[in-house]
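Asks: Take a look at this one; I'll ask things after.
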Amino acid sequence: MRRIIGKINPEDKNVHIWGAGFSGLILGYYLKDQGYNITIHEKSNRVGGKIQTKKSGTGLVEKAANALYLNQDGLDLLRELKLEPLPASKKLKRFIMLNGKPKRPFQFGLFSKAARNVYKKPPLVTDGLTVADFFRPLMGEENLKNYISPVLGGIYAVPAEQLHFKSIFPQVGKKAQFDSYWSFFKMMFSDYKAKPKLEIGGTISFDGGMQTLINRLAEVLKNDIKLNSKDHLKLRGNTIICTDAINAAELLKEYRPELSAELSRIQYRELSSTTIFLKREIKSLSKSFGVLIPKDNGYHSIGILNNKAIFPSNNENVTTYTLISPKNLTKDEVIQDLSLLNPEITIQDVDHIETTYWDKGLPIYDLHLFLSVKKMHQLAIKETNLAIFGNYVAGISLREMITAAKNFSRNPLDYSEN
Ligand SMILES: Cc1cc2nc3c(=O)[nH]c(=O)nc-3n(C[C@H](O)[C@H](O)[C@H](O)COP(=O)(O)OP(=O)(O)OC[C@H]3O[C@@H](n4cnc5c(N)ncnc54)[C@H](O)[C@@H]3O)c2cc1C
């Protein structure tokens with residue numbers, strides 16, 4: 001269920017939100033728009049949480065999200081905020097590292113294997129089913145490792161063996177058995193076709209990077225945010241927790257021990273993001289979004305973004321790449337990865353390099369998370385003025401968070417999806 005956990009009382013117009021990351025800001029924005037008086041308590045000295053665009057002397061460094069994938073709610077939001085989207089360059093190639101080279105993902109071998117099995121009956125969709133379990137009979141172990149894992153890893157940062165099927169494909173709803181893989185793909189396709197065509201769609205950022213969106217939300221909420229907040233949580237009036245799950249567990253330990261116990265079961269993936277400015281281009285990545293890297297390929301990274309190709313106007317006169325890794329990368333490891341793509345690259349080619357590391361980077365969308373969120377929805381049915389939100393609740397991407405926050409602000413009591 002892609003819904004914020006819990007409820008607030010719409011009769012009480014005062015709402016206290018804890019955390020000014022994207023979830024707290026976007027929910028604060030929509031609730032304010034609905035006439036609520038918002039106070040956002042942020043423990044650090046800045047808003048935006050993991051999202052931060054730094055203007056280094058050399059160029060822009062996006063620390064976490066580098067883009068927003070637009071849906072109708074996202075587009076409406078930008079119009080309301082009077083923000084001009086900066087669309088990603090069109091027609092960029094998307095590569096996966098195969099046999100040591102960046103290649104287009106749709107290879108003949110993959111198609112022929114999948115085509116042979118497409119009328120097979122997939123496994124029953126149970127709570128315990130992983131993405132790997134579902135796709136293995138269709139495409140085999142090797143293709144799972146080389147295609148499905150890196151593609152989903154580019155979003156969730158964990159392999160298909162860990163990803164919980166129903167969480168990643170919520171479109172399946174309550175359906176337990178597909179007649180064939182073909183009927184699964186047909187359902188996915190008709191779901192996609194049913195979505196309204198957008199005037200501007202796809203991947204976007206902003207002039208000045210993602211910080212522009214954060215700054216605009218902060219501007220709208222400027223009188224409602226308390227930075228460096230040392231306030232103690234009191235469950236008086238409407239309260240919404242918008243921190244990561246670990247801090248949410250801590251905040252609710254005293255007042256809601258059952259919810260707190262579920263929150264502390266949610267596992268996180270360590271992650272780093274390194275932006276490097278080089279004196280020379282990596283030819284094999286030119287005119288591409290970048291490359292996704294299957295595991296056991298000798299790389300330290302799971303993906304490399306070609307920033308200049310994606311958003312040229314934000315990266316004028318620089319050659320810049322961002323490496324996402326499931327560990328804290330050293331400078332040598334960054335160079336090792338890049339020299340696998342272009343053996344001529346050495347430390348002498350580096351103009352500037354910047355790594356941001358989180359020991360708890362992204363929540364792992366596994367069975368634990370699914371069961372804990374499900375249990376929290378059940379426990380929260382009896383809550384009247386407490387809600388919980390963040391990227392572990394209703395989707396990891398900003399797009400999903402925008403839709404969840406908008407729906408909740410208009411209908412904070414609606415639990416009809418249950
Ligand atoms: C490397 C990386 C790349 C990504 N790329 C994309 C992308 O391209 N597109 C996309 O859509 N998504 C992307 N994401 C995902 C997206 O950035 C995150 O899901 C989102 O920013 C998380 O927002 P949040 O508010 O849930 O959490 P956070 O950003 O973690 O914010 C939580 C906030 O709560 C505050 N806080 C914590 N404890 C307390 C407390 N006790 N009291 C008060 N405040 C507290 C924190 O200081 C912080 O400000 C990426 C994520 C990462 C890590």
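Letters A, B, ... go to the chains of the structure tokens in the order shown; residues in each chain start at 1; ligands are counted from 1 in the same order.
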Find the residues around Ala249 (chain A) up to 6 Å (only C-alpha atoms counted), leave out those fewer than 5 positions away in its own chain, and share them as a compact mmCIF listing (two decimals) with N, CA and C atoms, in the first residue's frame.

Replies:
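Wrote around.txt, looks like this:
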# COMPACT_ATOMS: atom_id res chain seq x y z
N SER A 260 7.71 1.81 17.19
CA SER A 260 9.16 2.00 17.25
C SER A 260 9.89 0.68 16.95
N LEU A 263 9.79 0.05 13.28
CA LEU A 263 10.69 0.97 12.56
C LEU A 263 12.14 0.51 12.67
N SER A 264 12.51 -0.02 13.85
CA SER A 264 13.91 -0.40 14.02
C SER A 264 14.26 -1.70 13.27

Asks: Running DSSP on the backbone, which parts of region 55-285 of chain A land in helix (DSSP H, G or I), as a short mmCIF file (atom, residue, chain, number, x, y, z; two decimals) with C-alpha atoms, in the first residue's frame?

Replies:
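Dumped to states-v3.cif:
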data_model
loop_
_atom_site.label_atom_id
_atom_site.label_comp_id
_atom_site.auth_asym_id
_atom_site.auth_seq_id
_atom_site.Cartn_x
_atom_site.Cartn_y
_atom_site.Cartn_z
CA GLN A 72 1.42 14.38 -13.43
CA ASP A 73 1.68 15.30 -9.72
CA GLY A 74 5.33 16.28 -10.19
CA LEU A 75 4.50 18.44 -13.17
CA ASP A 76 1.60 20.13 -11.31
CA LEU A 77 3.92 20.76 -8.37
CA LEU A 78 6.50 22.51 -10.56
CA ARG A 79 3.78 24.71 -12.04
CA GLU A 80 2.51 25.63 -8.58
CA PHE A 108 19.70 -10.80 -28.64
CA GLY A 109 20.58 -13.48 -26.04
CA LEU A 110 18.31 -11.90 -23.47
CA PHE A 111 15.38 -11.62 -25.87
CA SER A 112 15.66 -15.13 -27.23
CA LYS A 113 15.78 -16.64 -23.72
CA ALA A 114 12.85 -14.52 -22.49
CA ALA A 115 10.83 -15.16 -25.68
CA ARG A 116 11.19 -18.93 -25.20
CA ASN A 117 9.78 -18.70 -21.67
CA VAL A 131 12.18 -10.03 -7.70
CA ALA A 132 14.85 -12.65 -8.47
CA ASP A 133 12.46 -15.54 -7.64
CA PHE A 134 9.88 -14.10 -10.01
CA PHE A 135 12.11 -13.47 -13.03
CA ARG A 136 14.55 -16.43 -12.72
CA PRO A 137 12.34 -18.95 -14.62
CA LEU A 138 11.88 -16.39 -17.40
CA MET A 139 15.44 -15.30 -17.99
CA GLY A 140 17.83 -17.55 -16.03
CA GLU A 141 20.45 -16.75 -13.38
CA GLU A 142 23.00 -15.10 -15.68
CA ASN A 143 20.53 -12.65 -17.25
CA LEU A 144 19.10 -11.86 -13.83
CA LYS A 145 22.59 -10.86 -12.65
CA ASN A 146 23.46 -8.97 -15.83
CA TYR A 147 20.18 -7.11 -16.51
CA ILE A 148 17.49 -7.11 -13.81
CA SER A 149 19.84 -6.63 -10.83
CA PRO A 150 21.81 -3.69 -12.26
CA VAL A 151 18.69 -1.93 -13.59
CA LEU A 152 16.85 -2.15 -10.27
CA GLY A 153 20.16 -1.65 -8.42
CA GLY A 154 20.34 1.75 -10.16
CA ILE A 155 17.26 2.74 -8.14
CA TYR A 156 17.30 0.60 -5.00
CA PHE A 165 8.52 -8.37 -5.46
CA LYS A 166 5.24 -6.81 -4.27
CA SER A 167 7.04 -3.67 -3.05
CA ILE A 168 8.83 -3.14 -6.34
CA PRO A 170 2.86 -2.60 -6.43
CA GLN A 171 0.76 -2.68 -9.64
CA VAL A 172 0.20 -6.43 -9.09
CA TYR A 181 4.82 -13.90 -17.95
CA TRP A 182 3.10 -12.50 -21.01
CA SER A 183 0.00 -11.64 -18.96
CA PHE A 184 2.23 -9.96 -16.33
CA PHE A 185 3.87 -7.80 -19.04
CA LYS A 186 0.47 -6.99 -20.56
CA MET A 187 -0.75 -5.78 -17.17
CA MET A 188 2.36 -3.62 -16.70
CA PHE A 189 1.98 -2.20 -20.19
CA SER A 190 -1.72 -1.35 -19.78
CA ASP A 191 -0.92 0.28 -16.42
CA TYR A 192 1.71 2.40 -18.19
CA LYS A 193 -0.68 3.22 -21.09
CA ALA A 194 -3.42 4.26 -18.65
CA GLN A 211 18.88 22.27 -4.72
CA THR A 212 16.67 24.66 -6.70
CA LEU A 213 13.62 22.53 -5.87
CA ILE A 214 14.65 22.24 -2.21
CA ASN A 215 15.30 26.00 -1.96
CA ARG A 216 11.92 26.80 -3.50
CA LEU A 217 10.07 24.52 -1.04
CA ALA A 218 12.08 26.04 1.82
CA GLU A 219 11.18 29.54 0.60
CA VAL A 220 7.45 28.72 0.67
CA ALA A 245 13.34 4.92 10.07
CA ILE A 246 16.18 4.76 12.64
CA ASN A 247 15.53 8.25 13.97
CA ALA A 248 11.77 7.68 13.76
CA ALA A 249 12.20 4.58 15.96
CA GLU A 250 14.14 6.67 18.49
CA LEU A 251 11.57 9.48 18.48
CA LEU A 252 8.65 7.09 19.08
CA PRO A 257 6.94 1.22 21.53
CA GLU A 258 5.22 -1.14 19.07
CA LEU A 259 5.59 1.26 16.14
CA SER A 260 9.16 2.00 17.25
CA ALA A 261 10.02 -1.74 17.26
CA GLU A 262 8.75 -2.11 13.69
CA LEU A 263 10.69 0.97 12.56
CA SER A 264 13.91 -0.40 14.02
CA LYS A 283 34.91 8.01 -24.80
CA SER A 284 32.97 4.77 -24.23
CA LEU A 285 30.36 6.73 -22.23
#

Asks: Dump the neighbourhood of ligand 1 as a PyMOL selection string: all residues within 6 Å, distances computed on only C-alpha atoms and all ligand atoms.

Replies: chain A and resi 18-24+41-44+47-51+64-68+243-244+247+273+361-362+390-391+396-399

Asks: Could you write out that same residue set with N, CA and C atoms as a tab-separated table (two decimals), in the first residue's frame?

Replies:
chain	number	residue	atom	x	y	z
A	18	TRP	N	8.47	16.32	11.91
A	18	TRP	CA	9.85	16.12	12.38
A	18	TRP	C	10.70	15.68	11.21
A	19	GLY	N	11.66	16.51	10.82
A	19	GLY	CA	12.55	16.22	9.70
A	19	GLY	C	12.22	17.11	8.51
A	20	ALA	N	13.24	17.79	7.98
A	20	ALA	CA	13.06	18.66	6.79
A	20	ALA	C	13.84	18.11	5.61
A	21	GLY	N	13.85	16.77	5.45
A	21	GLY	CA	14.33	16.16	4.21
A	21	GLY	C	13.23	16.35	3.17
A	22	PHE	N	13.36	15.68	2.04
A	22	PHE	CA	12.36	15.89	0.99
A	22	PHE	C	10.96	15.50	1.49
A	23	SER	N	10.86	14.41	2.25
A	23	SER	CA	9.53	13.96	2.70
A	23	SER	C	8.86	15.01	3.59
A	24	GLY	N	9.61	15.59	4.53
A	24	GLY	CA	9.05	16.59	5.44
A	24	GLY	C	8.67	17.86	4.69
A	41	HIS	N	10.33	20.65	12.49
A	41	HIS	CA	11.47	20.60	13.41
A	41	HIS	C	12.59	19.82	12.74
A	42	GLU	N	13.69	20.49	12.44
A	42	GLU	CA	14.81	19.82	11.76
A	42	GLU	C	16.02	19.87	12.69
A	43	LYS	N	16.60	18.69	12.94
A	43	LYS	CA	17.69	18.71	13.93
A	43	LYS	C	19.02	19.24	13.37
A	44	SER	N	19.22	19.18	12.04
A	44	SER	CA	20.48	19.69	11.50
A	44	SER	C	20.35	21.18	11.18
A	47	VAL	N	18.07	22.39	5.39
A	47	VAL	CA	16.94	21.60	4.91
A	47	VAL	C	17.39	20.73	3.73
A	48	GLY	N	16.57	19.74	3.37
A	48	GLY	CA	16.86	18.92	2.18
A	48	GLY	C	17.33	17.51	2.50
A	49	GLY	N	17.77	17.28	3.76
A	49	GLY	CA	18.23	15.93	4.12
A	49	GLY	C	19.36	15.49	3.20
A	50	LYS	N	19.20	14.31	2.60
A	50	LYS	CA	20.29	13.77	1.77
A	50	LYS	C	20.48	14.59	0.49
A	51	ILE	N	19.42	15.25	0.02
A	51	ILE	CA	19.56	16.01	-1.22
A	51	ILE	C	20.33	17.30	-0.96
A	64	ALA	N	22.93	13.52	-3.49
A	64	ALA	CA	22.04	12.33	-3.57
A	64	ALA	C	21.26	12.43	-4.87
A	65	ALA	N	19.93	12.64	-4.80
A	65	ALA	CA	19.13	12.64	-6.03
A	65	ALA	C	19.70	13.64	-7.03
A	66	ASN	N	19.91	13.19	-8.24
A	66	ASN	CA	20.39	14.11	-9.28
A	66	ASN	C	19.27	14.47	-10.24
A	67	ALA	N	18.10	13.81	-10.08
A	67	ALA	CA	17.00	14.06	-11.02
A	67	ALA	C	15.67	13.65	-10.42
A	68	LEU	N	14.62	14.16	-11.06
A	68	LEU	CA	13.25	13.79	-10.69
A	68	LEU	C	12.62	13.21	-11.94
A	243	THR	N	11.48	11.56	9.39
A	243	THR	CA	12.93	11.30	9.42
A	243	THR	C	13.16	9.94	8.76
A	244	ASP	N	14.42	9.47	8.77
A	244	ASP	CA	14.67	8.08	8.37
A	244	ASP	C	14.08	7.15	9.44
A	247	ASN	N	15.87	7.12	13.10
A	247	ASN	CA	15.53	8.25	13.97
A	247	ASN	C	14.05	8.25	14.34
A	273	SER	N	28.32	8.48	-2.90
A	273	SER	CA	28.16	9.13	-4.19
A	273	SER	C	29.39	10.00	-4.40
A	361	GLY	N	22.37	4.72	3.82
A	361	GLY	CA	22.08	5.54	2.64
A	361	GLY	C	20.65	5.42	2.16
A	362	LEU	N	20.22	4.19	1.91
A	362	LEU	CA	18.85	3.98	1.42
A	362	LEU	C	18.22	2.79	2.15
A	390	GLY	N	8.37	8.93	4.90
A	390	GLY	CA	9.80	8.94	4.57
A	390	GLY	C	9.98	8.02	3.38
A	391	ASN	N	11.22	7.86	2.90
A	391	ASN	CA	11.40	7.08	1.67
A	391	ASN	C	11.31	5.57	1.88
A	396	ILE	N	10.68	4.91	-2.80
A	396	ILE	CA	12.01	5.48	-2.53
A	396	ILE	C	12.26	6.76	-3.33
A	397	SER	N	11.52	6.91	-4.47
A	397	SER	CA	11.84	8.03	-5.36
A	397	SER	C	11.04	9.27	-4.99
A	398	LEU	N	11.56	10.41	-5.41
A	398	LEU	CA	10.91	11.69	-5.10
A	398	LEU	C	9.52	11.74	-5.73
A	399	ARG	N	9.41	11.15	-6.91
A	399	ARG	CA	8.13	11.16	-7.62
A	399	ARG	C	7.04	10.47	-6.78

Asks: Which residues are close to His352 (chain A), i.e. within 7 Å by only C-alpha atoms, leaving aside same-chain residues fewer than 6 positions away? Reply as a VMD selection string.

Replies: chain A and resid 58 276 to 277

Asks: Determine the nearest neighbour of Phe206 (chain A) from the options A:Leu86, A:Ala176, A:Leu124, A:Ile96, counting only C-alpha atoms.

Replies: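 Among the listed residues, A:Leu86 lies closest to Phe206 (chain A).
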
Asks: Under the rule that only C-alpha atoms are counted, which of A:Tyr365, A:Phe311, A:Phe289, A:Tyr321 is the nearest residue to Thr274 (chain A)?

Replies: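 Among the listed residues, the smallest separation from Thr274 (chain A) belongs to A:Tyr321.
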
Asks: Just to confirm, what's the straight-line distance from CA of Thr355 (chain A) to CA of Val158 (chain A) in Å (one decimal)?

Replies: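 These two atoms are separated by 19.8 Å.
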
Asks: In Å, how far is it from CA of Leu60 (chain A) to CA of Arg94 (chain A)?

Replies: 22.2 Å

Asks: In terms of the shortest atom-to-atom distance over only C-alpha atoms, which of A:Thr39, A:Asn307, A:Thr239, A:Ser180 is closest to Ile8 (chain A)?

Replies: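 When distances to Ile8 (chain A) are compared using only C-alpha atoms, the smallest one comes from A:Thr239.
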
Asks: From the DSSP assignment of the backbone, select every residue of region 138-374 of chain A that is strand (DSSP E or B), and format the answer as a PyMOL selection string.

Replies: chain A and resi 164+202-205+225-226+238-241+268-278+288-292+303-306+319-325+350-363

Asks: So, with only C-alpha atoms as the atoms that count, which of A:Leu323, A:Lys253, A:Cys242, A:Gly28 lies closest to Phe389 (chain A)?

Replies: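 Checking each candidate against Phe389 (chain A), we get A:Cys242 as the closest.
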
Asks: Find, counting only C-alpha atoms, the residue in A:Ile402, A:Leu163, A:Ala157, A:Leu198 that gets nearest to Ser325 (chain A).

Replies: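 Closest residue, counting only C-alpha atoms: A:Ala157.
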
Asks: Considering only C-alpha atoms, state which residue in the set A:Ala88, A:Ser229, A:Leu413, A:Lys197 is at the smallest distance from Ile40 (chain A).

Replies: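 When distances to Ile40 (chain A) are compared using only C-alpha atoms, the smallest one comes from A:Ser229.
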